[in-house]
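Student: One structure coming up, written as structure tokens, with questions to follow.
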Amino acid sequence: MATTATVHAHAAPQGFIRKYIFSLDHKIIGLQYYFLALVAVFVGMFLSLLMRIHLIWPTAVLPLVGEIKPETYLSLLTMHGTIMVFFVLTTAPQSGFGNYFLPIQIGAPDMAFPVLNMLSFWTTFLAFVAMIAAFFVSGGAPLHGWTGYAPLSALPSAGPGEQLGADLWVISIAIFCVASLMGALNFITTLLDLRAKGMTLFRLPLTCWAWFVTAILALLAFGVLLSAGILLLLDRNLGTSFYVPLVVVNGTVMGHKGGSPLLWQHLFWFFGHPEVYIAILPGMGVASQVLSTFARKPIFGYKAMVYAIMAIGLLGFTVWGHHMFMSGMSPYSAFAFSIMTMAIGVPSAIKTFNWLGTLHKARIRFHSPMLFAIGFVSLFVSGGLSGPFLAQPVLDIPLHDTYFVVGHFHLIMGVAAIFGIFAATYYWFPKMFGRMMNESLGRIHFWVTLVGTYAIFMPMHYLGMAGHPRRYSQLTELAYLHDLIPVQQFMTYAAFITIGFQFVFVFNLFWSMFKGPKASDNPWEATTLEWTTATPPPHDNFGGHTPVVNHGPYEYSVPGAPRDYVMQTDPVTATAH
Amino acid sequence: MDAIQVALASRVAAQHRHHGKGQFFWVWAALLLMTAIEVYLAYQNMQPIRMLSILMGLSLIKAGLIIAYFMHMKFEVSRMKWLTMSSLVACLALMCIFFPDAFRILTLGTK
Amino acid sequence: MSEAVAHPQALAETYEPSLFGTYSKKIGMWLFLLSDSLTFGALLYAYTYGRISTPNWPTPFHSESIRNATLMTAFLLTSSLTMVLAVRASVFGNAKTQRWWLFATMACGTAFVVLHGREWSNLIAEGLTLPVFPTVPHHTASAEFSNVAQTVPQFPATFFGLTGMHMLHVTLGVIYLGIIALRRTFIPILLGLWLIAWLATPAYSPFHYGAHVLLAAAVVCGVIVWLKPKVYDSSDVEVAGLYWHFVDLVWMFIFPLVYLMSTRII
């Protein structure tokens, strides 16, 4: 019994490789995830820029890429979606910031399974390499969209990218499933087992709640995607017909029969809808944390926020069918899915009103993390309001294959989650790197990004209502599409400007990392445990002792307290009540 | 930190030592018996749906026995018991919504 | 550390008690099993989906197949029994008894895989096969099984998909137990098994290529043993046991669904 390996007692590693590459320290692993996502987000943005360029200048010959053919457009679309969803929106907020701050916020020295944590990152990295490799194999990247709908994804002869590229895509997704599974069970176990004394469940910061529920979603959802991917690989390579009915491709009868494309859609979206919440829930947690800190007020309705997170997680599993109203599924199921989808509006509204309640009559400190958190709430509302439209089959059927859906999910899942990542970056940067980010550059970055993303994605709703189909690479064939080209041009210009200003952020990030003014241990005067330790935190987070928690996470403007905030570790006597 | 893990593990081990060996043999015998019943049933001529219900019922009992005794779940704290089992059962039950579509394929005649 | 065991109360002062009341490794394994049961659950739902949507599902399994599968089930159930006995020996500190029960478990698991492999080879030879599996030379497939594979490709697809995935889990389970029982000594044994499995199977057999799973597992085990060299204690045996029982549990669903529901009634 006494021979159990002492994982948590691992000494601070000395060599560069053990310290920064194959590190067991959750903080380094969190940063590795963060920088992986940073690389991925620029790849994804570059692809989206190529798409936007192609839409308004279809014959342009670009350096490096050449002329974009319609099938290349589909490849760009597929890879943009996949990279953004898996390697940015899943990786940065959950695996990146969650890895770094979940153990610190609960007072733990590390994750429960440090080796598993390291393996999880390197497996994710392997998945990313496999995904990027799909660009460079013969035939290029796959065409089937990030949703990989069969039979297109199941037939290697269906298009140029559907050969080796699609195999790599499926393999990459399967590896990613395994990596996420390792990460998720690590998060859950850590939160269940390693909370410092006094850190009861209702004293957890809302970020921890969000990461915890997200991890549960990932644990239960990625297993299903894994089996869907395995069956897809069998269909592609062993000639089985799980997803492929009798089909004819270019006049050739394929050897498959009896499969059902709907099965893929069910299995995929059983994962896919929880995935949407995997992307957005950590953003909600960060927004709550930041809003409360900079409004100098306790979060409005803490327990309601916790129950709302749980309700969103729970309901998130019951609504996947709303992605399939167009698929010819049973109208009775569609009815049930529609009702459940509308029901998600309730906990989402609870969260929104509680954020607004937190801001109400507050003396707000408008620092850049706060700006991005408010931007998150704004985008969450504007993206979320189009949700109830799409939740109803009668409205979804005309809108589903149009730009309306593109606008909807980019606002709520894409940009809102990215704003969560930005808020987290500006908020935790001092803790992670020991220096402050430049405030003016942060504000410029915020305003351009906020206005820019609205300028890109808001017009998409109108395009959709005008009947503009999504995934079309040519806009010149039909008269009514031709009339909409000015709107597309406006969106492309807005995309150029917005993407250009992201380099301001990257400059700010790296410049501040080395040249920014030194940060104190608690520059934002915040209350949670990460602000009680040194900046940046030592190897075991709290320098050899374990904090004792006496207070809830958001005790700001406490009457009778010596300061306007009470840290979680302050002695009980710090407050009058 | 590690010491807590060791303490928990030794507490679990003490709990294991507390249980008799006999229950495992009973569970094993019951599992074998139910398998025999299943094989016997497979040779009875009955409606597939009825056979499926009986076989799945028996399988669920077998799974329950394995989880409760072999996997020790019966002796875990109730919070662990309920949270893990309910989330699993809920997710699996949700997937039953696949089936109306499978039946529709037959009636719609698209194959 | 022995002091810590003596005074768990003092330690409990630094951390909140575990919400699940047990050590982390066990919680981690349970969470993995939850996810894995959804993976298998999804496969079984896919199978049922295909079966519902396919009219005239064939019922081709003769009594030899059923007898073989029943024997496999008995082996797997018995291996679960020997596994709990191994856990029991380990909590009493009988390292030797524990090792022998682990060996018994691995033997039952290996018997399962071998019987199953024989079953696969027979079915493939008889014509119940996937399009990519090469035909067995010097052997005429039976019209009955070839007909099933031709008319209802869903049948061999689901059969090989489900049982193959399960066979992979059993194989990995045997390797897991081997590492727990013998630690790094097991890796050369595993490499030997890989060579035997690779060389002893004919080139047309799917197991000729499937044997490389053993090689991949040996590499992964090597990395893990190198990263975390340690003596495995009773908690490791218990956690390995959880995985093993889970593999048994999954078979409790695959056996009736895949075999018994497709029995040829005489």
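Ligands are numbered from 1 in the order shown, residues from 1 within each chain, and chains are lettered A, B, ... in the order they appear in the structure tokens.
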For the interface of chain B with chain C (cut-off 8 Å, counting only C-alpha atoms), please tabulate each contacting residue of chain B alongside its nearest pair of atoms and their separation in Å to one decimal, rows sorted by chain and increasing number, as JSON lines.

Tutor:
{"residue": "B:Ala3", "atom": "CA", "partner": "C:Ala4", "partner_atom": "CA", "distance": 5.6}
{"residue": "B:Ile4", "atom": "CA", "partner": "C:Leu11", "partner_atom": "CA", "distance": 6.5}
{"residue": "B:Gln5", "atom": "CA", "partner": "C:Tyr23", "partner_atom": "CA", "distance": 5.3}
{"residue": "B:Val6", "atom": "CA", "partner": "C:Val5", "partner_atom": "CA", "distance": 7.0}
{"residue": "B:Ala7", "atom": "CA", "partner": "C:Val5", "partner_atom": "CA", "distance": 5.1}
{"residue": "B:Leu8", "atom": "CA", "partner": "C:Tyr23", "partner_atom": "CA", "distance": 5.4}
{"residue": "B:Ala9", "atom": "CA", "partner": "C:Tyr23", "partner_atom": "CA", "distance": 5.8}
{"residue": "B:Ser10", "atom": "CA", "partner": "C:Val5", "partner_atom": "CA", "distance": 7.8}
{"residue": "B:Val12", "atom": "CA", "partner": "C:Thr22", "partner_atom": "CA", "distance": 7.1}
{"residue": "B:Ala13", "atom": "CA", "partner": "C:Val91", "partner_atom": "CA", "distance": 5.3}
{"residue": "B:Ala14", "atom": "CA", "partner": "C:Val91", "partner_atom": "CA", "distance": 7.4}
{"residue": "B:His16", "atom": "CA", "partner": "C:Arg88", "partner_atom": "CA", "distance": 6.9}
{"residue": "B:Arg17", "atom": "CA", "partner": "C:Val91", "partner_atom": "CA", "distance": 6.5}
{"residue": "B:Lys21", "atom": "CA", "partner": "C:Leu85", "partner_atom": "CA", "distance": 8.0}
{"residue": "B:Phe24", "atom": "CA", "partner": "C:Leu81", "partner_atom": "CA", "distance": 6.7}
{"residue": "B:Phe25", "atom": "CA", "partner": "C:Leu81", "partner_atom": "CA", "distance": 7.2}
{"residue": "B:Trp28", "atom": "CA", "partner": "C:Leu81", "partner_atom": "CA", "distance": 6.4}
{"residue": "B:Leu31", "atom": "CA", "partner": "C:Leu77", "partner_atom": "CA", "distance": 7.3}
{"residue": "B:Leu32", "atom": "CA", "partner": "C:Ala74", "partner_atom": "CA", "distance": 6.7}
{"residue": "B:Thr35", "atom": "CA", "partner": "C:Thr70", "partner_atom": "CA", "distance": 7.8}
{"residue": "B:Glu38", "atom": "CA", "partner": "C:Pro256", "partner_atom": "CA", "distance": 7.4}
{"residue": "B:Val39", "atom": "CA", "partner": "C:Leu260", "partner_atom": "CA", "distance": 6.7}
{"residue": "B:Ala42", "atom": "CA", "partner": "C:Leu260", "partner_atom": "CA", "distance": 5.4}
{"residue": "B:Tyr43", "atom": "CA", "partner": "C:Ile265", "partner_atom": "CA", "distance": 5.5}
{"residue": "B:Gln44", "atom": "CA", "partner": "C:Ile265", "partner_atom": "CA", "distance": 7.6}
{"residue": "B:Asn45", "atom": "CA", "partner": "C:Ile265", "partner_atom": "CA", "distance": 7.4}
{"residue": "B:Pro48", "atom": "CA", "partner": "C:Met261", "partner_atom": "CA", "distance": 7.5}
{"residue": "B:Met51", "atom": "CA", "partner": "C:Met261", "partner_atom": "CA", "distance": 7.8}
{"residue": "B:Leu52", "atom": "CA", "partner": "C:Met261", "partner_atom": "CA", "distance": 7.3}
{"residue": "B:Leu55", "atom": "CA", "partner": "C:Pro256", "partner_atom": "CA", "distance": 6.5}
{"residue": "B:Met56", "atom": "CA", "partner": "C:Phe253", "partner_atom": "CA", "distance": 7.4}
{"residue": "B:Ser59", "atom": "CA", "partner": "C:Met252", "partner_atom": "CA", "distance": 5.9}
{"residue": "B:Lys62", "atom": "CA", "partner": "C:Met252", "partner_atom": "CA", "distance": 7.1}
{"residue": "B:Ala63", "atom": "CA", "partner": "C:Leu249", "partner_atom": "CA", "distance": 5.6}
{"residue": "B:Ile66", "atom": "CA", "partner": "C:Leu249", "partner_atom": "CA", "distance": 6.7}
{"residue": "B:Ile67", "atom": "CA", "partner": "C:His245", "partner_atom": "CA", "distance": 7.9}
{"residue": "B:Phe70", "atom": "CA", "partner": "C:Val84", "partner_atom": "CA", "distance": 6.3}
{"residue": "B:Met71", "atom": "CA", "partner": "C:Leu242", "partner_atom": "CA", "distance": 5.6}
{"residue": "B:Glu76", "atom": "CA", "partner": "C:Gly21", "partner_atom": "CA", "distance": 7.5}
{"residue": "B:Val77", "atom": "CA", "partner": "C:Gly21", "partner_atom": "CA", "distance": 6.3}
{"residue": "B:Arg79", "atom": "CA", "partner": "C:Phe20", "partner_atom": "CA", "distance": 6.4}
{"residue": "B:Met80", "atom": "CA", "partner": "C:Phe20", "partner_atom": "CA", "distance": 5.1}
{"residue": "B:Thr84", "atom": "CA", "partner": "C:Leu34", "partner_atom": "CA", "distance": 7.4}
{"residue": "B:Leu88", "atom": "CA", "partner": "C:Leu34", "partner_atom": "CA", "distance": 6.4}
{"residue": "B:Cys91", "atom": "CA", "partner": "C:Leu38", "partner_atom": "CA", "distance": 7.7}
{"residue": "B:Leu92", "atom": "CA", "partner": "C:Gly41", "partner_atom": "CA", "distance": 6.6}
{"residue": "B:Met95", "atom": "CA", "partner": "C:Tyr45", "partner_atom": "CA", "distance": 7.3}
{"residue": "B:Cys96", "atom": "CA", "partner": "C:Tyr45", "partner_atom": "CA", "distance": 7.9}
{"residue": "B:Phe98", "atom": "CA", "partner": "C:Tyr49", "partner_atom": "CA", "distance": 7.2}
{"residue": "B:Phe99", "atom": "CA", "partner": "C:Tyr49", "partner_atom": "CA", "distance": 6.2}
{"residue": "B:Ala102", "atom": "CA", "partner": "C:Ser53", "partner_atom": "CA", "distance": 4.9}
{"residue": "B:Phe103", "atom": "CA", "partner": "C:Ser53", "partner_atom": "CA", "distance": 5.9}
{"residue": "B:Arg104", "atom": "CA", "partner": "C:Ser53", "partner_atom": "CA", "distance": 7.8}
{"residue": "B:Ile105", "atom": "CA", "partner": "C:Ser53", "partner_atom": "CA", "distance": 5.8}
{"residue": "B:Leu106", "atom": "CA", "partner": "C:Ser53", "partner_atom": "CA", "distance": 5.7}

Student: What does the distance between CA of Phe268 in chain A and CA of Lys81 in chain B come to in Å, to one decimal place?

Tutor: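 Here the two named atoms are 28.6 Å from each other.
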
Student: Looking only at helix (DSSP H, G or I) from DSSP on the backbone, list the matching residues of range 56-222 of chain C as number ranges by chain.

Tutor: C: 63-91, 95-125, 143-151, 154-200, 206-210, 212-222

Student: Near chain C, meaning an atom within 8 Å, which residues of chain A appear when counting only C-alpha atoms? Write them as a ChimeraX atom specification.

Tutor: /A:1-5,112,115,181-182,185-186,189-190,192-200,219-228,231,234,237-242,256-260,263,267,546-548

Student: What does the file look like for those residues with C-alpha atoms, as a PDB file, in the first residue's frame?

Tutor:
ATOM      1  CA  MET A   1       0.000   0.000   0.000  1.00  0.00           C
ATOM      2  CA  ALA A   2       2.717   2.420   0.924  1.00  0.00           C
ATOM      3  CA  THR A   3       4.381   1.837  -2.445  1.00  0.00           C
ATOM      4  CA  THR A   4       1.812   3.841  -4.388  1.00  0.00           C
ATOM      5  CA  ALA A   5       3.688   6.133  -6.742  1.00  0.00           C
ATOM      6  CA  ALA A 112      -6.035  14.062 -10.347  1.00  0.00           C
ATOM      7  CA  VAL A 115       0.153  11.653 -16.746  1.00  0.00           C
ATOM      8  CA  LEU A 181     -12.453  11.510 -23.003  1.00  0.00           C
ATOM      9  CA  MET A 182      -9.148  11.461 -21.106  1.00  0.00           C
ATOM     10  CA  LEU A 185     -12.628  12.169 -16.798  1.00  0.00           C
ATOM     11  CA  ASN A 186      -9.615  13.980 -15.380  1.00  0.00           C
ATOM     12  CA  THR A 189     -12.329  13.330 -10.878  1.00  0.00           C
ATOM     13  CA  THR A 190     -10.311  16.396  -9.919  1.00  0.00           C
ATOM     14  CA  LEU A 192     -14.935  15.468  -7.072  1.00  0.00           C
ATOM     15  CA  ASP A 193     -11.822  14.577  -5.097  1.00  0.00           C
ATOM     16  CA  LEU A 194      -9.434  17.493  -4.768  1.00  0.00           C
ATOM     17  CA  ARG A 195     -11.375  20.452  -3.404  1.00  0.00           C
ATOM     18  CA  ALA A 196      -9.596  22.259  -0.569  1.00  0.00           C
ATOM     19  CA  LYS A 197     -11.114  22.300   2.870  1.00  0.00           C
ATOM     20  CA  GLY A 198     -14.177  24.551   2.899  1.00  0.00           C
ATOM     21  CA  MET A 199     -14.580  24.537  -0.896  1.00  0.00           C
ATOM     22  CA  THR A 200     -18.066  23.097  -0.783  1.00  0.00           C
ATOM     23  CA  LEU A 219     -17.560  12.373 -21.271  1.00  0.00           C
ATOM     24  CA  LEU A 220     -20.993  11.236 -22.354  1.00  0.00           C
ATOM     25  CA  ALA A 221     -21.023  12.702 -25.859  1.00  0.00           C
ATOM     26  CA  PHE A 222     -17.603  11.886 -27.287  1.00  0.00           C
ATOM     27  CA  GLY A 223     -18.063   8.148 -26.708  1.00  0.00           C
ATOM     28  CA  VAL A 224     -21.001   8.181 -29.094  1.00  0.00           C
ATOM     29  CA  LEU A 225     -19.083  10.142 -31.723  1.00  0.00           C
ATOM     30  CA  LEU A 226     -16.290   7.601 -31.407  1.00  0.00           C
ATOM     31  CA  SER A 227     -18.573   4.729 -32.297  1.00  0.00           C
ATOM     32  CA  ALA A 228     -20.145   6.750 -35.111  1.00  0.00           C
ATOM     33  CA  LEU A 231     -18.744   2.683 -38.178  1.00  0.00           C
ATOM     34  CA  LEU A 234     -15.846   0.496 -41.552  1.00  0.00           C
ATOM     35  CA  ASN A 237     -12.699   0.855 -45.777  1.00  0.00           C
ATOM     36  CA  LEU A 238     -14.336  -2.530 -45.176  1.00  0.00           C
ATOM     37  CA  GLY A 239     -17.274  -2.136 -47.537  1.00  0.00           C
ATOM     38  CA  THR A 240     -20.010  -2.331 -44.891  1.00  0.00           C
ATOM     39  CA  SER A 241     -23.232  -0.373 -45.313  1.00  0.00           C
ATOM     40  CA  PHE A 242     -24.199   1.168 -41.993  1.00  0.00           C
ATOM     41  CA  HIS A 256     -23.520  -0.749 -50.692  1.00  0.00           C
ATOM     42  CA  LYS A 257     -27.145  -1.289 -49.813  1.00  0.00           C
ATOM     43  CA  GLY A 258     -29.553  -1.195 -46.928  1.00  0.00           C
ATOM     44  CA  GLY A 259     -27.851   1.444 -44.802  1.00  0.00           C
ATOM     45  CA  SER A 260     -29.447   4.603 -43.511  1.00  0.00           C
ATOM     46  CA  LEU A 263     -28.368   6.778 -38.566  1.00  0.00           C
ATOM     47  CA  LEU A 267     -25.312   9.385 -33.877  1.00  0.00           C
ATOM     48  CA  THR A 546      -3.337  23.949   0.880  1.00  0.00           C
ATOM     49  CA  PRO A 547      -5.666  26.932   1.191  1.00  0.00           C
ATOM     50  CA  VAL A 548      -8.642  26.836   3.526  1.00  0.00           C
TER      51      VAL A 548
END

Student: So which residues touch Gly544 in chain A within 10 Å, counting only C-alpha atoms, skipping near sequence neighbours fewer than 5 positions away, as number ranges by chain?

Tutor: A: 109, 538-539

Student: With N, CA and C atoms retained, export the selected residues as a PDB file, in the first residue's frame.

Tutor:
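Final output, selection.pdb:
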ATOM      1  N   PRO A 109      -3.282  20.881  -5.852  1.00  0.00           N
ATOM      2  CA  PRO A 109      -1.923  21.086  -6.356  1.00  0.00           C
ATOM      3  C   PRO A 109      -1.773  20.746  -7.834  1.00  0.00           C
ATOM      4  N   PRO A 538       3.411  29.017  -8.335  1.00  0.00           N
ATOM      5  CA  PRO A 538       4.511  28.055  -8.270  1.00  0.00           C
ATOM      6  C   PRO A 538       4.077  26.677  -8.749  1.00  0.00           C
ATOM      7  N   HIS A 539       5.053  25.767  -8.843  1.00  0.00           N
ATOM      8  CA  HIS A 539       4.793  24.455  -9.429  1.00  0.00           C
ATOM      9  C   HIS A 539       3.615  23.739  -8.765  1.00  0.00           C
TER      10      HIS A 539
END

Student: Have a look at B:Ala36, B:Leu108, B:Ile49, B:Leu94 and name the one nearest to chain A; count only C-alpha atoms.

Tutor: B:Leu94

Student: Work out how far apart CA of Ser205 in chain C and CA of Leu115 in chain C are and give it in Å to one decimal.

Tutor: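 Those two atoms sit 15.0 Å apart.
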
Student: Could you name the residues that touch Ile97 in chain B at 9 Å or less, counting only C-alpha atoms, but leaving out those on the same chain fewer than 4 positions away, as a ChimeraX atom specification?

Tutor: /A:266,333 /B:93,101

Student: The selected residues should be written to file as an mmCIF file, in the first residue's frame (atoms: C-alpha atoms).

Tutor:
data_model
loop_
_atom_site.group_PDB
_atom_site.id
_atom_site.type_symbol
_atom_site.label_atom_id
_atom_site.label_comp_id
_atom_site.auth_asym_id
_atom_site.auth_seq_id
_atom_site.Cartn_x
_atom_site.Cartn_y
_atom_site.Cartn_z
ATOM 1 C CA HIS A 266 -28.634 10.640 -35.211
ATOM 2 C CA SER A 333 -39.785 12.928 -32.953
ATOM 3 C CA ALA B 93 -32.805 5.566 -23.059
ATOM 4 C CA ASP B 101 -37.016 6.490 -38.033
#

Student: Between CA of Ile344 in chain A and CA of Gly316 in chain A, what is the distance in Å, rounded to a tenth?

Tutor: 7.6 Å

Student: Using only C-alpha atoms, which protein or nucleic acid residues come within 10 Å of Leu206 in chain A? Drop anything in the same chain fewer than 6 positions from it, and give the result as a ChimeraX atom specification.

Tutor: /A:212,282,284-289,299,302-303,305-306,309,553-554
